[in-house]
>>> print(open('protein-v9.cif').read())   # mmCIF, N, CA and C atoms
data_query
loop_
_atom_site.label_atom_id
_atom_site.label_comp_id
_atom_site.auth_asym_id
_atom_site.auth_seq_id
_atom_site.Cartn_x
_atom_site.Cartn_y
_atom_site.Cartn_z
N MET A 27 -47.63 -14.58 4.92
CA MET A 27 -48.40 -15.73 4.48
C MET A 27 -49.46 -16.06 5.52
N THR A 28 -50.63 -16.37 5.06
CA THR A 28 -51.68 -16.73 6.00
C THR A 28 -51.54 -18.17 6.44
N TYR A 29 -52.19 -18.48 7.53
CA TYR A 29 -52.15 -19.84 8.08
C TYR A 29 -52.63 -20.87 7.07
N SER A 30 -53.69 -20.57 6.34
CA SER A 30 -54.23 -21.53 5.37
C SER A 30 -53.26 -21.77 4.21
N LYS A 31 -52.52 -20.74 3.80
CA LYS A 31 -51.55 -20.91 2.72
C LYS A 31 -50.37 -21.77 3.19
N ILE A 32 -49.92 -21.53 4.43
CA ILE A 32 -48.83 -22.33 4.97
C ILE A 32 -49.25 -23.79 5.11
N LEU A 33 -50.47 -24.01 5.59
CA LEU A 33 -50.98 -25.37 5.73
C LEU A 33 -51.09 -26.06 4.38
N ALA A 34 -51.59 -25.35 3.38
CA ALA A 34 -51.70 -25.91 2.03
C ALA A 34 -50.33 -26.27 1.47
N LEU A 35 -49.34 -25.42 1.70
CA LEU A 35 -47.98 -25.68 1.24
C LEU A 35 -47.40 -26.91 1.91
N LEU A 36 -47.61 -27.06 3.22
CA LEU A 36 -47.12 -28.24 3.94
C LEU A 36 -47.78 -29.51 3.45
N VAL A 37 -49.06 -29.45 3.14
CA VAL A 37 -49.77 -30.63 2.64
C VAL A 37 -49.23 -31.05 1.28
N LEU A 38 -48.91 -30.08 0.43
CA LEU A 38 -48.42 -30.39 -0.92
C LEU A 38 -46.97 -30.84 -0.94
N VAL A 39 -46.11 -30.19 -0.16
CA VAL A 39 -44.68 -30.44 -0.23
C VAL A 39 -44.20 -31.32 0.92
N GLY A 40 -44.95 -31.41 1.99
CA GLY A 40 -44.54 -32.15 3.17
C GLY A 40 -44.13 -33.59 2.93
N PRO A 41 -44.93 -34.39 2.20
CA PRO A 41 -44.53 -35.79 1.99
C PRO A 41 -43.17 -35.95 1.32
N ALA A 42 -42.87 -35.10 0.36
CA ALA A 42 -41.56 -35.20 -0.31
C ALA A 42 -40.43 -34.85 0.64
N ILE A 43 -40.62 -33.80 1.44
CA ILE A 43 -39.58 -33.41 2.39
C ILE A 43 -39.39 -34.47 3.45
N LEU A 44 -40.50 -34.99 3.98
CA LEU A 44 -40.40 -36.04 4.99
C LEU A 44 -39.73 -37.29 4.45
N GLY A 45 -40.00 -37.63 3.20
CA GLY A 45 -39.36 -38.78 2.59
C GLY A 45 -37.86 -38.61 2.52
N MET A 46 -37.38 -37.41 2.18
CA MET A 46 -35.95 -37.17 2.10
C MET A 46 -35.31 -37.20 3.48
N VAL A 47 -35.98 -36.64 4.48
CA VAL A 47 -35.41 -36.59 5.82
C VAL A 47 -35.44 -37.97 6.46
N ALA A 48 -36.57 -38.67 6.36
CA ALA A 48 -36.72 -39.95 7.04
C ALA A 48 -35.88 -41.05 6.41
N TYR A 49 -35.68 -41.02 5.13
CA TYR A 49 -35.02 -42.12 4.46
C TYR A 49 -33.69 -41.72 3.83
N GLY A 50 -33.18 -40.59 4.17
CA GLY A 50 -31.90 -40.15 3.64
C GLY A 50 -32.09 -39.35 2.37
N ALA A 51 -31.11 -38.54 2.07
CA ALA A 51 -31.22 -37.66 0.92
C ALA A 51 -30.64 -38.28 -0.34
N THR A 52 -30.26 -39.54 -0.29
CA THR A 52 -29.72 -40.20 -1.48
C THR A 52 -30.87 -40.79 -2.29
N PRO A 53 -31.10 -40.31 -3.50
CA PRO A 53 -32.19 -40.84 -4.31
C PRO A 53 -31.94 -42.29 -4.72
N ALA A 54 -33.02 -43.05 -4.82
CA ALA A 54 -32.96 -44.42 -5.32
C ALA A 54 -32.95 -44.41 -6.84
N GLY A 55 -33.37 -43.31 -7.43
CA GLY A 55 -33.44 -43.17 -8.87
C GLY A 55 -34.11 -41.85 -9.22
N HIS A 56 -34.63 -41.77 -10.44
CA HIS A 56 -35.32 -40.56 -10.86
C HIS A 56 -36.31 -40.87 -11.98
N ILE A 57 -37.20 -39.92 -12.21
CA ILE A 57 -38.14 -40.04 -13.32
C ILE A 57 -37.35 -39.75 -14.60
N ALA A 58 -37.22 -40.75 -15.45
CA ALA A 58 -36.46 -40.58 -16.68
C ALA A 58 -37.31 -39.94 -17.77
N ASN A 59 -38.61 -40.20 -17.74
CA ASN A 59 -39.52 -39.67 -18.75
C ASN A 59 -40.90 -39.56 -18.13
N ALA A 60 -41.53 -38.42 -18.27
CA ALA A 60 -42.88 -38.22 -17.75
C ALA A 60 -43.73 -37.55 -18.83
N ARG A 61 -44.88 -38.15 -19.08
CA ARG A 61 -45.83 -37.57 -20.04
C ARG A 61 -47.21 -37.60 -19.41
N GLY A 62 -47.87 -36.46 -19.39
CA GLY A 62 -49.20 -36.38 -18.81
C GLY A 62 -49.14 -36.25 -17.30
N GLU A 63 -50.14 -36.83 -16.61
CA GLU A 63 -50.24 -36.72 -15.16
C GLU A 63 -49.33 -37.74 -14.47
N VAL A 64 -48.26 -37.25 -13.87
CA VAL A 64 -47.30 -38.10 -13.14
C VAL A 64 -47.03 -37.42 -11.81
N PHE A 65 -47.08 -38.19 -10.72
CA PHE A 65 -46.88 -37.66 -9.38
C PHE A 65 -45.88 -38.52 -8.61
N VAL A 66 -45.04 -37.88 -7.81
CA VAL A 66 -44.15 -38.57 -6.89
C VAL A 66 -44.52 -38.09 -5.49
N ASP A 67 -44.97 -38.99 -4.66
CA ASP A 67 -45.39 -38.67 -3.30
C ASP A 67 -46.43 -37.56 -3.29
N GLY A 68 -47.35 -37.59 -4.25
CA GLY A 68 -48.45 -36.64 -4.30
C GLY A 68 -48.13 -35.31 -4.92
N VAL A 69 -46.89 -35.11 -5.37
CA VAL A 69 -46.47 -33.84 -5.97
C VAL A 69 -46.24 -34.07 -7.46
N ALA A 70 -46.74 -33.16 -8.30
CA ALA A 70 -46.56 -33.29 -9.74
C ALA A 70 -45.07 -33.46 -10.06
N ALA A 71 -44.78 -34.40 -10.97
CA ALA A 71 -43.39 -34.73 -11.30
C ALA A 71 -43.14 -34.52 -12.79
N LYS A 72 -41.86 -34.32 -13.10
CA LYS A 72 -41.43 -34.20 -14.49
C LYS A 72 -40.15 -34.99 -14.64
N SER A 73 -39.64 -35.08 -15.84
CA SER A 73 -38.38 -35.78 -16.07
C SER A 73 -37.29 -35.17 -15.19
N GLY A 74 -36.53 -36.04 -14.52
CA GLY A 74 -35.46 -35.59 -13.64
C GLY A 74 -35.85 -35.54 -12.17
N THR A 75 -37.14 -35.67 -11.86
CA THR A 75 -37.58 -35.65 -10.46
C THR A 75 -37.01 -36.87 -9.73
N PRO A 76 -36.32 -36.66 -8.59
CA PRO A 76 -35.76 -37.81 -7.86
C PRO A 76 -36.83 -38.62 -7.16
N VAL A 77 -36.57 -39.91 -7.01
CA VAL A 77 -37.42 -40.80 -6.21
C VAL A 77 -36.54 -41.43 -5.14
N TYR A 78 -37.13 -41.67 -3.99
CA TYR A 78 -36.40 -42.17 -2.83
C TYR A 78 -37.02 -43.48 -2.37
N ALA A 79 -36.36 -44.17 -1.45
CA ALA A 79 -36.97 -45.35 -0.84
C ALA A 79 -38.28 -44.91 -0.21
N HIS A 80 -39.30 -45.68 -0.42
CA HIS A 80 -40.66 -45.46 0.06
C HIS A 80 -41.41 -44.38 -0.72
N SER A 81 -40.87 -43.89 -1.82
CA SER A 81 -41.60 -42.96 -2.68
C SER A 81 -42.68 -43.72 -3.43
N LYS A 82 -43.79 -43.04 -3.66
CA LYS A 82 -44.86 -43.60 -4.50
C LYS A 82 -44.92 -42.79 -5.78
N VAL A 83 -44.84 -43.51 -6.90
CA VAL A 83 -44.96 -42.90 -8.21
C VAL A 83 -46.34 -43.28 -8.74
N LYS A 84 -47.10 -42.27 -9.10
CA LYS A 84 -48.49 -42.51 -9.52
C LYS A 84 -48.75 -41.80 -10.85
N THR A 85 -49.44 -42.50 -11.75
CA THR A 85 -49.84 -41.88 -13.02
C THR A 85 -51.35 -41.83 -13.06
N GLY A 86 -51.86 -40.77 -13.64
CA GLY A 86 -53.28 -40.65 -13.92
C GLY A 86 -53.42 -40.86 -15.42
N ASN A 87 -53.78 -39.79 -16.11
CA ASN A 87 -53.84 -39.83 -17.57
C ASN A 87 -52.45 -39.49 -18.10
N GLY A 88 -51.52 -40.40 -17.86
CA GLY A 88 -50.14 -40.16 -18.27
C GLY A 88 -49.31 -41.42 -18.14
N LYS A 89 -48.05 -41.33 -18.49
CA LYS A 89 -47.12 -42.45 -18.41
C LYS A 89 -45.80 -41.95 -17.86
N ALA A 90 -45.03 -42.86 -17.25
CA ALA A 90 -43.73 -42.48 -16.70
C ALA A 90 -42.74 -43.62 -16.84
N ALA A 91 -41.48 -43.26 -16.92
CA ALA A 91 -40.38 -44.23 -16.87
C ALA A 91 -39.51 -43.83 -15.69
N VAL A 92 -39.22 -44.80 -14.82
CA VAL A 92 -38.41 -44.56 -13.63
C VAL A 92 -37.11 -45.32 -13.79
N LEU A 93 -35.99 -44.63 -13.63
CA LEU A 93 -34.68 -45.26 -13.69
C LEU A 93 -34.22 -45.50 -12.26
N ILE A 94 -34.00 -46.77 -11.91
CA ILE A 94 -33.60 -47.15 -10.56
C ILE A 94 -32.11 -47.49 -10.54
N ALA A 95 -31.38 -46.85 -9.66
CA ALA A 95 -29.95 -47.11 -9.45
C ALA A 95 -29.15 -47.11 -10.76
N ARG A 96 -29.53 -46.25 -11.69
CA ARG A 96 -28.85 -46.11 -12.98
C ARG A 96 -28.76 -47.42 -13.76
N GLN A 97 -29.61 -48.40 -13.44
CA GLN A 97 -29.50 -49.70 -14.09
C GLN A 97 -30.80 -50.25 -14.63
N SER A 98 -31.89 -50.09 -13.91
CA SER A 98 -33.15 -50.73 -14.28
C SER A 98 -34.19 -49.67 -14.58
N VAL A 99 -35.00 -49.93 -15.60
CA VAL A 99 -36.05 -48.99 -16.01
C VAL A 99 -37.40 -49.65 -15.75
N ILE A 100 -38.28 -48.91 -15.09
CA ILE A 100 -39.65 -49.35 -14.86
C ILE A 100 -40.56 -48.37 -15.58
N GLN A 101 -41.33 -48.87 -16.53
CA GLN A 101 -42.27 -48.04 -17.26
C GLN A 101 -43.66 -48.25 -16.68
N LEU A 102 -44.29 -47.16 -16.24
CA LEU A 102 -45.64 -47.22 -15.69
C LEU A 102 -46.63 -46.79 -16.75
N GLY A 103 -47.69 -47.58 -16.90
CA GLY A 103 -48.77 -47.22 -17.80
C GLY A 103 -49.71 -46.24 -17.14
N GLN A 104 -50.78 -45.89 -17.84
CA GLN A 104 -51.79 -44.99 -17.28
C GLN A 104 -52.45 -45.60 -16.06
N ASP A 105 -52.88 -44.75 -15.15
CA ASP A 105 -53.60 -45.16 -13.94
C ASP A 105 -52.87 -46.27 -13.19
N SER A 106 -51.62 -46.02 -12.84
CA SER A 106 -50.79 -47.00 -12.12
C SER A 106 -50.19 -46.35 -10.88
N GLU A 107 -49.90 -47.18 -9.88
CA GLU A 107 -49.22 -46.70 -8.68
C GLU A 107 -48.16 -47.70 -8.28
N LEU A 108 -46.92 -47.22 -8.15
CA LEU A 108 -45.77 -48.04 -7.81
C LEU A 108 -45.06 -47.43 -6.61
N GLU A 109 -44.79 -48.26 -5.59
CA GLU A 109 -44.02 -47.80 -4.45
C GLU A 109 -42.63 -48.43 -4.51
N ILE A 110 -41.62 -47.61 -4.35
CA ILE A 110 -40.25 -48.10 -4.31
C ILE A 110 -39.96 -48.40 -2.85
N LYS A 111 -40.09 -49.66 -2.47
CA LYS A 111 -39.90 -50.05 -1.07
C LYS A 111 -38.46 -49.86 -0.64
N SER A 112 -37.52 -50.39 -1.43
CA SER A 112 -36.10 -50.24 -1.08
C SER A 112 -35.23 -50.47 -2.31
N VAL A 113 -34.10 -49.80 -2.32
CA VAL A 113 -33.05 -50.01 -3.30
C VAL A 113 -31.75 -49.94 -2.50
N LEU A 114 -31.14 -51.10 -2.30
CA LEU A 114 -29.95 -51.19 -1.45
C LEU A 114 -28.79 -51.78 -2.22
N GLN A 115 -27.62 -51.21 -2.01
CA GLN A 115 -26.40 -51.75 -2.60
C GLN A 115 -25.42 -52.01 -1.47
N ASP A 116 -24.98 -53.28 -1.34
CA ASP A 116 -24.10 -53.61 -0.22
C ASP A 116 -22.62 -53.42 -0.60
N ALA A 117 -21.74 -53.78 0.32
CA ALA A 117 -20.30 -53.58 0.12
C ALA A 117 -19.76 -54.36 -1.08
N ASN A 118 -20.41 -55.47 -1.44
CA ASN A 118 -19.97 -56.28 -2.58
C ASN A 118 -20.58 -55.81 -3.89
N GLN A 119 -21.21 -54.63 -3.88
CA GLN A 119 -21.86 -54.06 -5.06
C GLN A 119 -23.07 -54.87 -5.53
N GLU A 120 -23.63 -55.72 -4.66
CA GLU A 120 -24.85 -56.44 -4.99
C GLU A 120 -26.03 -55.50 -4.78
N LEU A 121 -26.91 -55.46 -5.76
CA LEU A 121 -28.03 -54.53 -5.73
C LEU A 121 -29.32 -55.29 -5.44
N ASN A 122 -30.08 -54.83 -4.47
CA ASN A 122 -31.36 -55.42 -4.11
C ASN A 122 -32.43 -54.35 -4.21
N SER A 123 -33.42 -54.59 -5.07
CA SER A 123 -34.52 -53.64 -5.26
C SER A 123 -35.83 -54.33 -4.96
N GLU A 124 -36.70 -53.66 -4.22
CA GLU A 124 -38.02 -54.20 -3.93
C GLU A 124 -39.05 -53.12 -4.22
N LEU A 125 -40.02 -53.47 -5.08
CA LEU A 125 -41.07 -52.55 -5.51
C LEU A 125 -42.43 -53.17 -5.23
N THR A 126 -43.44 -52.33 -5.04
CA THR A 126 -44.80 -52.81 -4.87
C THR A 126 -45.69 -52.09 -5.88
N LEU A 127 -46.38 -52.86 -6.71
CA LEU A 127 -47.34 -52.31 -7.67
C LEU A 127 -48.72 -52.41 -7.04
N SER A 128 -49.28 -51.27 -6.62
CA SER A 128 -50.60 -51.25 -5.98
C SER A 128 -51.69 -51.54 -7.00
N TYR A 129 -51.59 -50.90 -8.17
CA TYR A 129 -52.54 -51.15 -9.26
C TYR A 129 -51.93 -50.62 -10.55
N GLY A 130 -52.45 -51.09 -11.66
CA GLY A 130 -52.00 -50.62 -12.96
C GLY A 130 -51.07 -51.59 -13.65
N LYS A 131 -50.29 -51.05 -14.59
CA LYS A 131 -49.41 -51.88 -15.42
C LYS A 131 -47.99 -51.31 -15.40
N ILE A 132 -47.02 -52.23 -15.40
CA ILE A 132 -45.62 -51.82 -15.54
C ILE A 132 -44.94 -52.75 -16.53
N ARG A 133 -43.86 -52.24 -17.08
CA ARG A 133 -42.95 -53.03 -17.91
C ARG A 133 -41.56 -52.71 -17.38
N THR A 134 -40.74 -53.72 -17.19
CA THR A 134 -39.42 -53.49 -16.62
C THR A 134 -38.31 -53.96 -17.56
N LEU A 135 -37.19 -53.27 -17.48
CA LEU A 135 -35.98 -53.67 -18.17
C LEU A 135 -34.89 -53.68 -17.10
N VAL A 136 -34.48 -54.89 -16.71
CA VAL A 136 -33.49 -55.05 -15.65
C VAL A 136 -32.16 -55.34 -16.31
N LYS A 137 -31.22 -54.43 -16.14
CA LYS A 137 -29.92 -54.54 -16.79
C LYS A 137 -29.02 -55.51 -16.02
N SER A 138 -28.37 -56.40 -16.74
CA SER A 138 -27.42 -57.32 -16.13
C SER A 138 -26.05 -56.66 -16.12
N THR A 139 -25.46 -56.57 -14.93
CA THR A 139 -24.14 -55.96 -14.79
C THR A 139 -23.07 -57.00 -14.48
N GLY A 140 -23.48 -58.25 -14.39
CA GLY A 140 -22.54 -59.30 -14.04
C GLY A 140 -22.40 -59.49 -12.54
N LYS A 141 -22.93 -58.55 -11.77
CA LYS A 141 -22.89 -58.64 -10.32
C LYS A 141 -24.23 -59.18 -9.84
N PRO A 142 -24.24 -59.94 -8.75
CA PRO A 142 -25.52 -60.46 -8.25
C PRO A 142 -26.51 -59.34 -7.97
N LYS A 143 -27.78 -59.64 -8.22
CA LYS A 143 -28.81 -58.64 -8.06
C LYS A 143 -30.12 -59.34 -7.73
N LYS A 144 -30.92 -58.70 -6.92
CA LYS A 144 -32.25 -59.19 -6.60
C LYS A 144 -33.23 -58.07 -6.92
N PHE A 145 -34.18 -58.35 -7.79
CA PHE A 145 -35.16 -57.36 -8.23
C PHE A 145 -36.53 -57.98 -8.04
N THR A 146 -37.32 -57.43 -7.10
CA THR A 146 -38.60 -58.02 -6.75
C THR A 146 -39.72 -57.01 -6.94
N VAL A 147 -40.80 -57.45 -7.58
CA VAL A 147 -42.01 -56.64 -7.71
C VAL A 147 -43.14 -57.41 -7.07
N ARG A 148 -43.81 -56.78 -6.11
CA ARG A 148 -44.94 -57.40 -5.42
C ARG A 148 -46.24 -56.73 -5.87
N THR A 149 -47.29 -57.56 -6.00
CA THR A 149 -48.64 -57.07 -6.23
C THR A 149 -49.53 -57.70 -5.18
N ARG A 150 -50.82 -57.40 -5.23
CA ARG A 150 -51.74 -58.00 -4.27
C ARG A 150 -51.82 -59.51 -4.46
N ASN A 151 -51.62 -59.99 -5.69
CA ASN A 151 -51.84 -61.40 -5.98
C ASN A 151 -50.59 -62.20 -6.32
N ALA A 152 -49.47 -61.54 -6.54
CA ALA A 152 -48.29 -62.28 -7.00
C ALA A 152 -47.00 -61.55 -6.64
N VAL A 153 -45.88 -62.29 -6.72
CA VAL A 153 -44.55 -61.73 -6.54
C VAL A 153 -43.73 -62.17 -7.74
N MET A 154 -43.00 -61.22 -8.35
CA MET A 154 -42.15 -61.53 -9.47
C MET A 154 -40.73 -61.16 -9.07
N GLY A 155 -39.79 -62.03 -9.35
CA GLY A 155 -38.41 -61.74 -9.00
C GLY A 155 -37.48 -62.07 -10.15
N VAL A 156 -36.41 -61.29 -10.25
CA VAL A 156 -35.38 -61.53 -11.28
C VAL A 156 -34.06 -61.67 -10.57
#
>>> encode(input="protein-v9.cif", output="C-alpha cells")
Amino acid sequence: MTYSKILALLVLVGPAILGMVAYGATPAGHIANARGEVFVDGVAAKSGTPVYAHSKVKTGNGKAAVLIARQSVIQLGQDSELEIKSVLQDANQELNSELTLSYGKIRTLVKSTGKPKKFTVRTRNAVMGV
C-alpha cells in the first residue's frame, strides 16, 4: 500500500476507531434505519451501524432513525447533524442521555420504563428535556 492510500484510509476510518478507543467499545445505540446519505463520524452508515458517546450522526439527502439504549428513537430529517454527547446508566438503572442538534430537524420517541430517566436535547437556541 502506498503512503497516500494509507493516509486516505486513516482519514476515512480513523474517527470511528478513535471514538471506540477513547470512549469505550460499548455502543450507546445504533442506526435503526438509514435511507439515502447517512454518516456516523464521517463514515457512510447503514442500518445496524453502532453509535458511541460523542458520535456525530449526519444526514445529507437522506433520513435516519437512531435507537439509543434500546429505549429511545431519534429520527433525523434531511440535512441534519446530531451529536450523542452521553448515554449513561447508573447502578439504579437510571438512564441519562444528552444529545446536541447542531442543525436540522429531529423527532424523538422516548420510551417510559418506569425508571427515572433524563433525556436532554440541546440546540444553539434552546434546551429540551424529558
>>> atom_distance(input="protein-v9.cif", atom1="atom N of A:His80", atom2="atom C of A:Ser112")
6.6 Å
>>> closest_residue(input="protein-v9.cif", among="A:Val113, A:Leu121, A:Val77, A:Ala91", to="A:Asn59", atoms="all atoms listed in the file")
A:Ala91
>>> resolve_selection(input="protein-v9.cif", expression="the PyMOL selection byres ((chain A and resi 150) around 6.5)", output="list in words")
Leu127, Ser128, Arg148, Thr149, Asn151 and Ala152 of chain A
>>> resolve_selection(input="protein-v9.cif", expression="the PyMOL selection byres ((chain A and resi 58) around 5)", output="list of chain:residue names")
A:His56, A:Ile57, A:Asn59, A:Ala60, A:Ser73, A:Gly74, A:Ala91, A:Val92, A:Leu93
>>> write_last_selection(input="protein-v9.cif", atoms="N, CA and C atoms", output="PDB file, in the frame of the given file")
ATOM      1  N   HIS A  56     -34.630 -41.770 -10.440  1.00  0.00           N
ATOM      2  CA  HIS A  56     -35.320 -40.560 -10.860  1.00  0.00           C
ATOM      3  C   HIS A  56     -36.310 -40.870 -11.980  1.00  0.00           C
ATOM      4  N   ILE A  57     -37.200 -39.920 -12.210  1.00  0.00           N
ATOM      5  CA  ILE A  57     -38.140 -40.040 -13.320  1.00  0.00           C
ATOM      6  C   ILE A  57     -37.350 -39.750 -14.600  1.00  0.00           C
ATOM      7  N   ASN A  59     -38.610 -40.200 -17.740  1.00  0.00           N
ATOM      8  CA  ASN A  59     -39.520 -39.670 -18.750  1.00  0.00           C
ATOM      9  C   ASN A  59     -40.900 -39.560 -18.130  1.00  0.00           C
ATOM     10  N   ALA A  60     -41.530 -38.420 -18.270  1.00  0.00           N
ATOM     11  CA  ALA A  60     -42.880 -38.220 -17.750  1.00  0.00           C
ATOM     12  C   ALA A  60     -43.730 -37.550 -18.830  1.00  0.00           C
ATOM     13  N   SER A  73     -39.640 -35.080 -15.840  1.00  0.00           N
ATOM     14  CA  SER A  73     -38.380 -35.780 -16.070  1.00  0.00           C
ATOM     15  C   SER A  73     -37.290 -35.170 -15.190  1.00  0.00           C
ATOM     16  N   GLY A  74     -36.530 -36.040 -14.520  1.00  0.00           N
ATOM     17  CA  GLY A  74     -35.460 -35.590 -13.640  1.00  0.00           C
ATOM     18  C   GLY A  74     -35.850 -35.540 -12.170  1.00  0.00           C
ATOM     19  N   ALA A  91     -41.480 -43.260 -16.920  1.00  0.00           N
ATOM     20  CA  ALA A  91     -40.380 -44.230 -16.870  1.00  0.00           C
ATOM     21  C   ALA A  91     -39.510 -43.830 -15.690  1.00  0.00           C
ATOM     22  N   VAL A  92     -39.220 -44.800 -14.820  1.00  0.00           N
ATOM     23  CA  VAL A  92     -38.410 -44.560 -13.630  1.00  0.00           C
ATOM     24  C   VAL A  92     -37.110 -45.320 -13.790  1.00  0.00           C
ATOM     25  N   LEU A  93     -35.990 -44.630 -13.630  1.00  0.00           N
ATOM     26  CA  LEU A  93     -34.680 -45.260 -13.690  1.00  0.00           C
ATOM     27  C   LEU A  93     -34.220 -45.500 -12.260  1.00  0.00           C
TER      28      LEU A  93
END
>>> atom_distance(input="protein-v9.cif", atom1="atom C of A:Glu124", atom2="atom CA of A:Gly62")
24.4 Å
>>> resolve_selection(input="protein-v9.cif", expression="the PyMOL selection byres ((chain A and resi 95) around 7)", output="list in words")
Pro53, Ala54, Gly55, His56, Leu93, Ile94, Arg96, Gln97 and Ser98 of chain A
>>> write_last_selection(input="protein-v9.cif", atoms="N, CA and C atoms", output="PDB file, keeping the file's coordinate frame")
ATOM      1  N   PRO A  53     -31.100 -40.310  -3.500  1.00  0.00           N
ATOM      2  CA  PRO A  53     -32.190 -40.840  -4.310  1.00  0.00           C
ATOM      3  C   PRO A  53     -31.940 -42.290  -4.720  1.00  0.00           C
ATOM      4  N   ALA A  54     -33.020 -43.050  -4.820  1.00  0.00           N
ATOM      5  CA  ALA A  54     -32.960 -44.420  -5.320  1.00  0.00           C
ATOM      6  C   ALA A  54     -32.950 -44.410  -6.840  1.00  0.00           C
ATOM      7  N   GLY A  55     -33.370 -43.310  -7.430  1.00  0.00           N
ATOM      8  CA  GLY A  55     -33.440 -43.170  -8.870  1.00  0.00           C
ATOM      9  C   GLY A  55     -34.110 -41.850  -9.220  1.00  0.00           C
ATOM     10  N   HIS A  56     -34.630 -41.770 -10.440  1.00  0.00           N
ATOM     11  CA  HIS A  56     -35.320 -40.560 -10.860  1.00  0.00           C
ATOM     12  C   HIS A  56     -36.310 -40.870 -11.980  1.00  0.00           C
ATOM     13  N   LEU A  93     -35.990 -44.630 -13.630  1.00  0.00           N
ATOM     14  CA  LEU A  93     -34.680 -45.260 -13.690  1.00  0.00           C
ATOM     15  C   LEU A  93     -34.220 -45.500 -12.260  1.00  0.00           C
ATOM     16  N   ILE A  94     -34.000 -46.770 -11.910  1.00  0.00           N
ATOM     17  CA  ILE A  94     -33.600 -47.150 -10.560  1.00  0.00           C
ATOM     18  C   ILE A  94     -32.110 -47.490 -10.540  1.00  0.00           C
ATOM     19  N   ARG A  96     -29.530 -46.250 -11.690  1.00  0.00           N
ATOM     20  CA  ARG A  96     -28.850 -46.110 -12.980  1.00  0.00           C
ATOM     21  C   ARG A  96     -28.760 -47.420 -13.760  1.00  0.00           C
ATOM     22  N   GLN A  97     -29.610 -48.400 -13.440  1.00  0.00           N
ATOM     23  CA  GLN A  97     -29.500 -49.700 -14.090  1.00  0.00           C
ATOM     24  C   GLN A  97     -30.800 -50.250 -14.630  1.00  0.00           C
ATOM     25  N   SER A  98     -31.890 -50.090 -13.910  1.00  0.00           N
ATOM     26  CA  SER A  98     -33.150 -50.730 -14.280  1.00  0.00           C
ATOM     27  C   SER A  98     -34.190 -49.670 -14.580  1.00  0.00           C
TER      28      SER A  98
END
>>> residues_around(input="protein-v9.cif", residues="A:Lys144", least_positions_apart="2", cutoff="7 Å", atoms="only C-alpha atoms", output="PyMOL selection string")
chain A and resi 121-123+146+156
>>> write_last_selection(input="protein-v9.cif", atoms="N, CA and C atoms", output="mmCIF file, in the coordinates of the input")
data_model
loop_
_atom_site.group_PDB
_atom_site.id
_atom_site.type_symbol
_atom_site.label_atom_id
_atom_site.label_comp_id
_atom_site.auth_asym_id
_atom_site.auth_seq_id
_atom_site.Cartn_x
_atom_site.Cartn_y
_atom_site.Cartn_z
ATOM 1 N N LEU A 121 -26.910 -55.460 -5.760
ATOM 2 C CA LEU A 121 -28.030 -54.530 -5.730
ATOM 3 C C LEU A 121 -29.320 -55.290 -5.440
ATOM 4 N N ASN A 122 -30.080 -54.830 -4.470
ATOM 5 C CA ASN A 122 -31.360 -55.420 -4.110
ATOM 6 C C ASN A 122 -32.430 -54.350 -4.210
ATOM 7 N N SER A 123 -33.420 -54.590 -5.070
ATOM 8 C CA SER A 123 -34.520 -53.640 -5.260
ATOM 9 C C SER A 123 -35.830 -54.330 -4.960
ATOM 10 N N THR A 146 -37.320 -57.430 -7.100
ATOM 11 C CA THR A 146 -38.600 -58.020 -6.750
ATOM 12 C C THR A 146 -39.720 -57.010 -6.940
ATOM 13 N N VAL A 156 -36.410 -61.290 -10.250
ATOM 14 C CA VAL A 156 -35.380 -61.530 -11.280
ATOM 15 C C VAL A 156 -34.060 -61.670 -10.570
#
>>> atom_distance(input="protein-v9.cif", atom1="atom C of A:Leu108", atom2="atom N of A:Val147")
10.9 Å
>>> residues_near_point(input="protein-v9.cif", point="(-42.4, -43.4, -2.9)", cutoff="9 Å", atoms="only C-alpha atoms", output="list in words")
Ala42, Gly45, Val66, Asp67, Val77, Tyr78, Ala79, His80, Ser81, Lys82, Val83, Leu108, Glu109, Ile110 and Lys111 of chain A
>>> closest_residue(input="protein-v9.cif", among="A:Phe145, A:Ser106, A:Pro76, A:Ala90", to="A:Leu125", atoms="all atoms listed in the file")
A:Phe145
>>> residues_near_point(input="protein-v9.cif", point="(-48.2, -45.3, -16.4)", cutoff="8 Å", atoms="only N, CA and C atoms", output="MDAnalysis selection string")
chainID A and resid 63:64 84:91 101:107 130:132
>>> axis_aligned_box(input="protein-v9.cif", around="stretch 129-140 of chain A", padding_each_side="5 Å", output="JSON")
{"center_x": -37.5, "center_y": -55.1, "center_z": -13.2, "size_x": 40.1, "size_y": 18.9, "size_z": 20.0}
>>> select_by_dssp(input="protein-v9.cif", residues="stretch 55-141 of chain A", states="strand (DSSP E or B)", output="PyMOL selection string")
chain A and resi 55-66+69-70+76-77+82-94+98-102+106-115+121-129+132-136
